[in-house]
Amino acid sequence: MTSDTAAAIEENLGFLAKCQMFSTLDKPAMRLLMAHAYRRRFSAGERIFNIGEPGLSMMAVCSGCVRITFPSTTGKEIILTDLSVGDVFGEISVLDGSERSANAIAHTQCELLILERRDLVPFLEHNPQVCMKLLSVLCGRLRRTNDLMADIAFYDLPKRLAKQLIRLRMSLPGAAGSPQKVRLSCSQNELANMIGASRENVNRCLKDWERRGIVDLDDGIIVLANLAEFEKLAEA
(Lines give C-alpha, C1' and ligand atoms only; values in the text may rest on other atoms or scores of the structure.)
Protein backbone atom coordinates (compact mmCIF):
# COMPACT_ATOMS: atom_id res chain seq x y z
CA MET A 1 0.00 0.00 0.00
CA THR A 2 1.44 3.38 -0.99
CA SER A 3 1.55 6.34 1.38
CA ASP A 4 -1.03 8.16 -0.78
CA THR A 5 -3.41 5.20 -0.58
CA ALA A 6 -2.97 4.97 3.19
CA ALA A 7 -3.64 8.70 3.55
CA ALA A 8 -6.80 8.40 1.42
CA ILE A 9 -8.08 5.53 3.57
CA GLU A 10 -7.44 7.53 6.76
CA GLU A 11 -9.32 10.50 5.31
CA ASN A 12 -12.23 8.27 4.36
CA LEU A 13 -12.23 6.71 7.83
CA GLY A 14 -12.68 10.13 9.38
CA PHE A 15 -15.68 10.79 7.18
CA LEU A 16 -17.16 7.32 7.72
CA ALA A 17 -17.08 7.77 11.49
CA LYS A 18 -19.40 10.78 11.05
CA CYS A 19 -21.77 8.93 8.69
CA GLN A 20 -24.70 7.61 10.74
CA MET A 21 -25.03 4.36 8.80
CA PHE A 22 -21.43 3.27 9.42
CA SER A 23 -20.77 4.96 12.76
CA THR A 24 -21.30 1.72 14.74
CA LEU A 25 -18.46 -0.09 12.95
CA ASP A 26 -15.19 -0.72 14.70
CA LYS A 27 -11.94 0.53 13.16
CA PRO A 28 -10.89 -2.81 11.57
CA ALA A 29 -14.28 -3.14 9.82
CA MET A 30 -14.11 0.47 8.65
CA ARG A 31 -10.62 -0.07 7.26
CA LEU A 32 -11.77 -3.17 5.42
CA LEU A 33 -14.63 -1.26 3.83
CA MET A 34 -12.56 1.82 3.00
CA ALA A 35 -9.88 -0.24 1.28
CA HIS A 36 -12.38 -0.57 -1.60
CA ALA A 37 -13.89 2.94 -1.50
CA TYR A 38 -12.95 5.88 -3.70
CA ARG A 39 -14.01 9.50 -4.08
CA ARG A 40 -15.33 11.38 -7.09
CA ARG A 41 -16.24 15.04 -7.58
CA PHE A 42 -19.23 16.32 -9.53
CA SER A 43 -19.96 19.82 -10.80
CA ALA A 44 -23.26 21.56 -10.02
CA GLY A 45 -25.94 20.28 -12.39
CA GLU A 46 -23.97 17.17 -13.40
CA ARG A 47 -25.89 13.91 -13.59
CA ILE A 48 -24.64 11.26 -11.17
CA PHE A 49 -26.92 8.54 -12.51
CA ASN A 50 -30.24 8.22 -14.37
CA ILE A 51 -33.29 6.10 -13.69
CA GLY A 52 -33.05 2.75 -15.48
CA GLU A 53 -29.25 2.59 -15.47
CA PRO A 54 -27.47 -0.41 -13.90
CA GLY A 55 -27.03 0.14 -10.16
CA LEU A 56 -23.51 -0.97 -9.43
CA SER A 57 -22.61 1.28 -6.51
CA MET A 58 -23.81 3.15 -3.43
CA MET A 59 -22.64 6.68 -2.62
CA ALA A 60 -22.23 8.80 0.50
CA VAL A 61 -22.19 12.61 0.32
CA CYS A 62 -18.86 13.98 1.57
CA SER A 63 -19.57 17.60 0.60
CA GLY A 64 -22.23 19.58 -1.23
CA CYS A 65 -25.82 18.62 -2.00
CA VAL A 66 -27.30 15.83 -4.16
CA ARG A 67 -30.86 16.04 -5.50
CA ILE A 68 -32.94 12.90 -6.09
CA THR A 69 -35.71 13.27 -8.70
CA PHE A 70 -38.31 11.15 -10.48
CA PRO A 71 -39.84 11.88 -13.91
CA SER A 72 -43.55 12.70 -13.90
CA THR A 73 -46.10 11.79 -16.57
CA THR A 74 -45.96 15.38 -17.87
CA GLY A 75 -42.23 15.17 -18.56
CA LYS A 76 -41.22 17.29 -15.57
CA GLU A 77 -39.13 15.95 -12.71
CA ILE A 78 -40.56 15.67 -9.21
CA ILE A 79 -37.96 16.47 -6.55
CA LEU A 80 -38.06 13.63 -4.03
CA THR A 81 -35.35 14.85 -1.65
CA ASP A 82 -32.12 16.80 -1.28
CA LEU A 83 -29.25 14.94 0.39
CA SER A 84 -26.45 16.58 2.37
CA VAL A 85 -23.19 15.55 4.03
CA GLY A 86 -23.39 12.08 5.62
CA ASP A 87 -26.44 10.94 3.63
CA VAL A 88 -26.22 7.83 1.46
CA PHE A 89 -28.05 7.01 -1.77
CA GLY A 90 -28.10 4.36 -4.49
CA GLU A 91 -28.71 1.71 -1.83
CA ILE A 92 -31.81 0.17 -3.47
CA SER A 93 -29.96 -1.03 -6.55
CA VAL A 94 -27.05 -2.24 -4.44
CA LEU A 95 -29.38 -4.43 -2.41
CA ASP A 96 -31.50 -5.93 -5.21
CA GLY A 97 -29.00 -5.73 -8.08
CA SER A 98 -31.57 -4.06 -10.32
CA GLU A 99 -31.72 -0.74 -12.19
CA ARG A 100 -31.68 2.73 -10.67
CA SER A 101 -35.14 3.70 -9.38
CA ALA A 102 -34.63 7.49 -9.60
CA ASN A 103 -32.33 10.18 -10.98
CA ALA A 104 -29.45 11.64 -8.94
CA ILE A 105 -28.08 15.09 -9.78
CA ALA A 106 -25.35 17.19 -8.18
CA HIS A 107 -27.45 20.12 -6.96
CA THR A 108 -24.24 21.92 -5.96
CA GLN A 109 -20.61 21.05 -6.51
CA CYS A 110 -20.14 17.92 -4.45
CA GLU A 111 -17.77 15.11 -3.58
CA LEU A 112 -19.00 11.53 -3.12
CA LEU A 113 -17.55 8.47 -1.46
CA ILE A 114 -18.36 5.52 -3.73
CA LEU A 115 -18.68 1.86 -2.76
CA GLU A 116 -19.06 -0.73 -5.51
CA ARG A 117 -21.75 -3.40 -5.12
CA ARG A 118 -19.25 -6.24 -5.64
CA ASP A 119 -17.35 -5.05 -2.55
CA LEU A 120 -20.27 -3.82 -0.44
CA VAL A 121 -22.58 -6.86 -0.58
CA PRO A 122 -20.04 -9.30 0.95
CA PHE A 123 -19.28 -6.69 3.61
CA LEU A 124 -22.99 -6.34 4.49
CA GLU A 125 -23.34 -10.10 4.77
CA HIS A 126 -20.74 -10.09 7.57
CA ASN A 127 -21.92 -6.88 9.28
CA PRO A 128 -25.64 -7.19 10.09
CA GLN A 129 -25.63 -3.97 12.14
CA VAL A 130 -24.95 -2.01 8.95
CA CYS A 131 -27.79 -3.87 7.23
CA MET A 132 -30.16 -2.70 9.95
CA LYS A 133 -29.00 0.90 9.51
CA LEU A 134 -29.51 0.55 5.77
CA LEU A 135 -33.03 -0.78 6.30
CA SER A 136 -33.75 2.21 8.55
CA VAL A 137 -32.60 4.58 5.78
CA LEU A 138 -34.79 2.78 3.24
CA CYS A 139 -37.84 2.90 5.52
CA GLY A 140 -37.36 6.63 6.13
CA ARG A 141 -37.12 7.30 2.41
CA LEU A 142 -40.23 5.20 1.72
CA ARG A 143 -42.23 7.06 4.37
CA ARG A 144 -41.23 10.45 2.94
CA THR A 145 -42.09 9.34 -0.60
CA ASN A 146 -45.45 7.99 0.58
CA ASP A 147 -46.17 11.31 2.30
CA LEU A 148 -45.28 13.21 -0.89
CA MET A 149 -47.48 11.02 -3.10
CA ALA A 150 -50.36 11.29 -0.62
CA ASP A 151 -50.04 15.08 -0.58
CA ILE A 152 -50.14 15.24 -4.39
CA ALA A 153 -53.10 12.86 -4.59
CA PHE A 154 -55.33 14.25 -1.84
CA TYR A 155 -54.46 17.87 -1.01
CA ASP A 156 -54.97 21.12 -2.90
CA LEU A 157 -52.01 23.26 -3.91
CA PRO A 158 -52.06 25.75 -0.99
CA LYS A 159 -51.91 22.97 1.58
CA ARG A 160 -49.19 21.08 -0.34
CA LEU A 161 -47.14 24.25 -0.66
CA ALA A 162 -47.55 25.15 3.02
CA LYS A 163 -46.52 21.65 4.10
CA GLN A 164 -43.45 21.75 1.84
CA LEU A 165 -42.35 25.16 3.11
CA ILE A 166 -42.63 23.89 6.67
CA ARG A 167 -40.51 20.84 5.74
CA LEU A 168 -37.88 23.12 4.23
CA ARG A 169 -37.92 25.28 7.33
CA MET A 170 -37.47 22.25 9.61
CA SER A 171 -34.46 21.12 7.56
CA LEU A 172 -32.62 24.34 8.47
CA PRO A 173 -29.97 24.11 11.20
CA GLY A 174 -31.44 25.11 14.55
CA ALA A 175 -34.97 25.27 13.14
CA ALA A 176 -36.58 24.50 16.49
CA GLY A 177 -35.19 27.69 18.03
CA SER A 178 -35.37 29.87 14.93
CA PRO A 179 -37.00 33.30 15.00
CA GLN A 180 -40.56 33.97 13.88
CA LYS A 181 -39.50 35.08 10.40
CA VAL A 182 -37.55 32.45 8.44
CA ARG A 183 -35.85 33.00 5.07
CA LEU A 184 -35.88 30.16 2.55
CA SER A 185 -33.66 30.25 -0.52
CA CYS A 186 -35.67 28.13 -2.93
CA SER A 187 -36.89 29.06 -6.40
CA GLN A 188 -40.56 28.90 -7.29
CA ASN A 189 -39.74 26.40 -10.03
CA GLU A 190 -38.03 24.14 -7.47
CA LEU A 191 -41.01 24.42 -5.16
CA ALA A 192 -43.33 23.48 -8.02
CA ASN A 193 -41.25 20.39 -8.77
CA MET A 194 -41.30 19.40 -5.11
CA ILE A 195 -45.10 19.39 -4.86
CA GLY A 196 -46.12 18.33 -8.37
CA ALA A 197 -47.46 21.70 -9.50
CA SER A 198 -46.73 24.37 -12.11
CA ARG A 199 -44.52 27.36 -11.35
CA GLU A 200 -47.35 29.69 -12.38
CA ASN A 201 -49.73 28.23 -9.79
CA VAL A 202 -47.07 28.35 -7.08
CA ASN A 203 -46.40 32.00 -7.92
CA ARG A 204 -50.12 32.77 -7.78
CA CYS A 205 -50.44 31.15 -4.36
CA LEU A 206 -47.38 32.94 -2.96
CA LYS A 207 -48.63 36.28 -4.26
CA ASP A 208 -51.96 35.68 -2.51
CA TRP A 209 -50.14 34.85 0.73
CA GLU A 210 -48.01 37.97 0.32
CA ARG A 211 -51.13 40.13 0.09
CA ARG A 212 -52.42 38.46 3.27
CA GLY A 213 -49.16 39.09 5.14
CA ILE A 214 -48.26 35.40 5.47
CA VAL A 215 -45.07 35.60 3.39
CA ASP A 216 -42.70 38.26 2.10
CA LEU A 217 -41.17 37.74 -1.34
CA ASP A 218 -37.73 39.35 -1.29
CA ASP A 219 -35.75 39.14 -4.56
CA GLY A 220 -36.20 35.40 -5.03
CA ILE A 221 -36.09 34.65 -1.28
CA ILE A 222 -39.25 33.51 0.48
CA VAL A 223 -39.64 34.88 4.00
CA LEU A 224 -42.13 33.00 6.18
CA ALA A 225 -43.56 35.97 8.01
CA ASN A 226 -46.23 34.15 10.02
CA LEU A 227 -45.31 30.60 11.06
CA ALA A 228 -48.48 30.13 13.10
CA GLU A 229 -50.60 30.86 10.02
CA PHE A 230 -48.49 28.45 7.97
CA GLU A 231 -49.15 25.65 10.45
CA LYS A 232 -52.88 26.34 10.13
CA LEU A 233 -52.65 26.19 6.32
CA ALA A 234 -50.76 22.89 6.46
CA GLU A 235 -53.29 21.32 8.81
CA ALA A 236 -56.45 22.74 7.22
# chains A, B, ... in the order shown; residues from 1 in each chain; ligands from 1

$ residues_around --residues "A:Phe230" --least-positions-apart "5" --cutoff "8 Å" --atoms "only C-alpha atoms" --output "PyMOL selection string"
chain A and resi 162+166+214

$ residues_around --residues "A:Glu116" --least-positions-apart "4" --cutoff "12 Å" --atoms "only C-alpha atoms" --output "ChimeraX atom specification"
/A:33-39,54-60,90-91,93-95,97,120-123

$ atom_distance --atom1 "atom CA of A:Ala234" --atom2 "atom CA of A:Gln164"
8.7 Å

$ residues_around --residues "A:Ser101" --least-positions-apart "3" --cutoff "9 Å" --atoms "only C-alpha atoms" --output "list in words"
Asn50, Ile51, Gly52, Glu53, Gly55, Phe70, Gly90, Ile92, Ser93 and Ser98 of chain A

$ write_last_selection --atoms "N, CA and C atoms" --output "mmCIF file, in the first residue's frame"
data_model
loop_
_atom_site.group_PDB
_atom_site.id
_atom_site.type_symbol
_atom_site.label_atom_id
_atom_site.label_comp_id
_atom_site.auth_asym_id
_atom_site.auth_seq_id
_atom_site.Cartn_x
_atom_site.Cartn_y
_atom_site.Cartn_z
ATOM 1 N N ASN A 50 -28.876 8.058 -13.855
ATOM 2 C CA ASN A 50 -30.236 8.218 -14.365
ATOM 3 C C ASN A 50 -31.074 6.990 -14.032
ATOM 4 N N ILE A 51 -32.359 7.196 -13.917
ATOM 5 C CA ILE A 51 -33.286 6.101 -13.690
ATOM 6 C C ILE A 51 -33.156 5.081 -14.832
ATOM 7 N N GLY A 52 -33.152 3.799 -14.487
ATOM 8 C CA GLY A 52 -33.054 2.747 -15.480
ATOM 9 C C GLY A 52 -31.639 2.266 -15.754
ATOM 10 N N GLU A 53 -30.629 3.021 -15.281
ATOM 11 C CA GLU A 53 -29.250 2.587 -15.474
ATOM 12 C C GLU A 53 -28.903 1.462 -14.501
ATOM 13 N N GLY A 55 -27.416 -0.383 -11.479
ATOM 14 C CA GLY A 55 -27.034 0.135 -10.163
ATOM 15 C C GLY A 55 -25.893 -0.657 -9.579
ATOM 16 N N PHE A 70 -37.591 12.212 -9.771
ATOM 17 C CA PHE A 70 -38.309 11.148 -10.482
ATOM 18 C C PHE A 70 -39.127 11.799 -11.589
ATOM 19 N N GLY A 90 -28.449 5.436 -3.578
ATOM 20 C CA GLY A 90 -28.101 4.357 -4.491
ATOM 21 C C GLY A 90 -28.180 2.995 -3.833
ATOM 22 N N ILE A 92 -30.799 1.125 -2.999
ATOM 23 C CA ILE A 92 -31.805 0.171 -3.467
ATOM 24 C C ILE A 92 -31.212 -0.773 -4.515
ATOM 25 N N SER A 93 -30.545 -0.209 -5.497
ATOM 26 C CA SER A 93 -29.955 -1.028 -6.555
ATOM 27 C C SER A 93 -28.834 -1.914 -6.028
ATOM 28 N N SER A 98 -30.761 -4.477 -9.174
ATOM 29 C CA SER A 98 -31.570 -4.060 -10.316
ATOM 30 C C SER A 98 -31.171 -2.658 -10.775
#

$ closest_residue --among "A:Val88, A:Ile221, A:Leu227, A:Met149" --to "A:Leu134" --atoms "only C-alpha atoms"
A:Val88

$ residues_around --residues "A:Val61" --least-positions-apart "6" --cutoff "6 Å" --atoms "only C-alpha atoms" --output "list in words"
Val85, Gly86, Asp87 and Leu112 of chain A

$ closest_residue --among "A:His126, A:Arg100, A:Arg118, A:Arg167" --to "A:Arg144" --atoms "only C-alpha atoms"
A:Arg167

$ atom_distance --atom1 "atom CA of A:Phe22" --atom2 "atom CA of A:Val130"
6.4 Å

$ atom_distance --atom1 "atom CA of A:Cys62" --atom2 "atom CA of A:Glu111"
5.4 Å

$ closest_atom_pairs --of "stretch 96-175 of chain A" --to "stretch 179-190 of chain A" --cutoff "9 Å" --atoms "only C-alpha atoms" --output "tab-separated table"
residue	atom	partner	partner_atom	distance
A:Leu165	CA	A:Leu184	CA	8.2
A:Leu168	CA	A:Leu184	CA	7.5
A:Arg169	CA	A:Leu184	CA	7.1
A:Leu172	CA	A:Leu184	CA	8.9
A:Ala175	CA	A:Pro179	CA	8.5

$ select_by_dssp --residues "stretch 4-232 of chain A" --states "strand (DSSP E or B)" --output "ChimeraX atom specification"
/A:38-42,47-49,54,57-63,66-71,77-83,88-89,99,103-106,110-116,182-184,215-218,221-224

$ closest_residue --among "A:Gly14, A:Leu115, A:Pro71, A:Glu99" --to "A:Arg40" --atoms "only C-alpha atoms"
A:Leu115

$ residues_around --residues "A:Ile78" --least-positions-apart "2" --cutoff "6 Å" --atoms "only C-alpha atoms" --output "PyMOL selection string"
chain A and resi 69-70+193-194

$ write_last_selection --atoms "N, CA, C and O atoms" --output "mmCIF file, in the first residue's frame"
data_model
loop_
_atom_site.group_PDB
_atom_site.id
_atom_site.type_symbol
_atom_site.label_atom_id
_atom_site.label_comp_id
_atom_site.auth_asym_id
_atom_site.auth_seq_id
_atom_site.Cartn_x
_atom_site.Cartn_y
_atom_site.Cartn_z
ATOM 1 N N THR A 69 -34.492 12.893 -7.987
ATOM 2 C CA THR A 69 -35.715 13.271 -8.695
ATOM 3 C C THR A 69 -36.330 12.051 -9.372
ATOM 4 O O THR A 69 -35.677 11.017 -9.555
ATOM 5 N N PHE A 70 -37.591 12.212 -9.771
ATOM 6 C CA PHE A 70 -38.309 11.148 -10.482
ATOM 7 C C PHE A 70 -39.127 11.799 -11.589
ATOM 8 O O PHE A 70 -39.797 12.809 -11.351
ATOM 9 N N ASN A 193 -41.687 21.766 -8.526
ATOM 10 C CA ASN A 193 -41.249 20.390 -8.771
ATOM 11 C C ASN A 193 -41.283 19.533 -7.512
ATOM 12 O O ASN A 193 -41.354 18.312 -7.592
ATOM 13 N N MET A 194 -41.235 20.158 -6.361
ATOM 14 C CA MET A 194 -41.301 19.405 -5.111
ATOM 15 C C MET A 194 -42.714 18.955 -4.776
ATOM 16 O O MET A 194 -42.906 17.945 -4.092
#

$ closest_atom_pairs --of "stretch 54-109 of chain A" --to "stretch 196-199 of chain A" --cutoff "9 Å" --atoms "only C-alpha atoms" --output "JSON lines"
{"residue": "A:Ser72", "atom": "CA", "partner": "A:Gly196", "partner_atom": "CA", "distance": 8.3}
{"residue": "A:Lys76", "atom": "CA", "partner": "A:Gly196", "partner_atom": "CA", "distance": 8.8}
{"residue": "A:Glu77", "atom": "CA", "partner": "A:Gly196", "partner_atom": "CA", "distance": 8.6}
{"residue": "A:Ile78", "atom": "CA", "partner": "A:Gly196", "partner_atom": "CA", "distance": 6.2}
{"residue": "A:Ile79", "atom": "CA", "partner": "A:Gly196", "partner_atom": "CA", "distance": 8.6}

$ decode --residues "stretch 179-192 of chain A" --atoms "N, CA, C and O atoms" --output "short mmCIF file (atom, residue, chain, number, x, y, z; two decimals), in the first residue's frame"
data_model
loop_
_atom_site.label_atom_id
_atom_site.label_comp_id
_atom_site.auth_asym_id
_atom_site.auth_seq_id
_atom_site.Cartn_x
_atom_site.Cartn_y
_atom_site.Cartn_z
N PRO A 179 -36.09 32.19 14.77
CA PRO A 179 -37.00 33.30 15.00
C PRO A 179 -38.30 33.16 14.23
O PRO A 179 -38.46 32.27 13.40
N GLN A 180 -39.24 34.04 14.51
CA GLN A 180 -40.56 33.97 13.88
C GLN A 180 -40.47 34.05 12.37
O GLN A 180 -41.12 33.29 11.67
N LYS A 181 -39.64 34.95 11.85
CA LYS A 181 -39.50 35.08 10.40
C LYS A 181 -38.32 34.23 9.93
O LYS A 181 -37.22 34.34 10.45
N VAL A 182 -38.57 33.37 8.94
CA VAL A 182 -37.55 32.45 8.44
C VAL A 182 -37.39 32.66 6.94
O VAL A 182 -38.38 32.71 6.19
N ARG A 183 -36.14 32.79 6.48
CA ARG A 183 -35.85 33.00 5.07
C ARG A 183 -35.49 31.67 4.41
O ARG A 183 -34.64 30.93 4.91
N LEU A 184 -36.14 31.39 3.30
CA LEU A 184 -35.88 30.16 2.55
C LEU A 184 -35.39 30.51 1.15
O LEU A 184 -36.06 31.23 0.41
N SER A 185 -34.22 30.01 0.81
CA SER A 185 -33.66 30.25 -0.52
C SER A 185 -34.03 29.08 -1.42
O SER A 185 -33.33 28.07 -1.48
N CYS A 186 -35.16 29.21 -2.08
CA CYS A 186 -35.67 28.13 -2.93
C CYS A 186 -36.49 28.77 -4.05
O CYS A 186 -37.39 29.57 -3.79
N SER A 187 -36.18 28.43 -5.28
CA SER A 187 -36.89 29.06 -6.40
C SER A 187 -38.32 28.53 -6.50
O SER A 187 -38.64 27.43 -6.02
N GLN A 188 -39.17 29.32 -7.12
CA GLN A 188 -40.56 28.90 -7.29
C GLN A 188 -40.65 27.68 -8.20
O GLN A 188 -41.52 26.83 -8.03
N ASN A 189 -39.75 27.58 -9.15
CA ASN A 189 -39.74 26.40 -10.03
C ASN A 189 -39.37 25.15 -9.23
O ASN A 189 -39.97 24.08 -9.44
N GLU A 190 -38.40 25.27 -8.32
CA GLU A 190 -38.03 24.14 -7.47
C GLU A 190 -39.20 23.73 -6.58
O GLU A 190 -39.48 22.54 -6.41
N LEU A 191 -39.86 24.71 -5.99
CA LEU A 191 -41.01 24.42 -5.16
C LEU A 191 -42.09 23.68 -5.95
O LEU A 191 -42.69 22.71 -5.47
N ALA A 192 -42.33 24.13 -7.17
CA ALA A 192 -43.33 23.48 -8.02
C ALA A 192 -42.97 22.02 -8.26
O ALA A 192 -43.83 21.13 -8.21
#
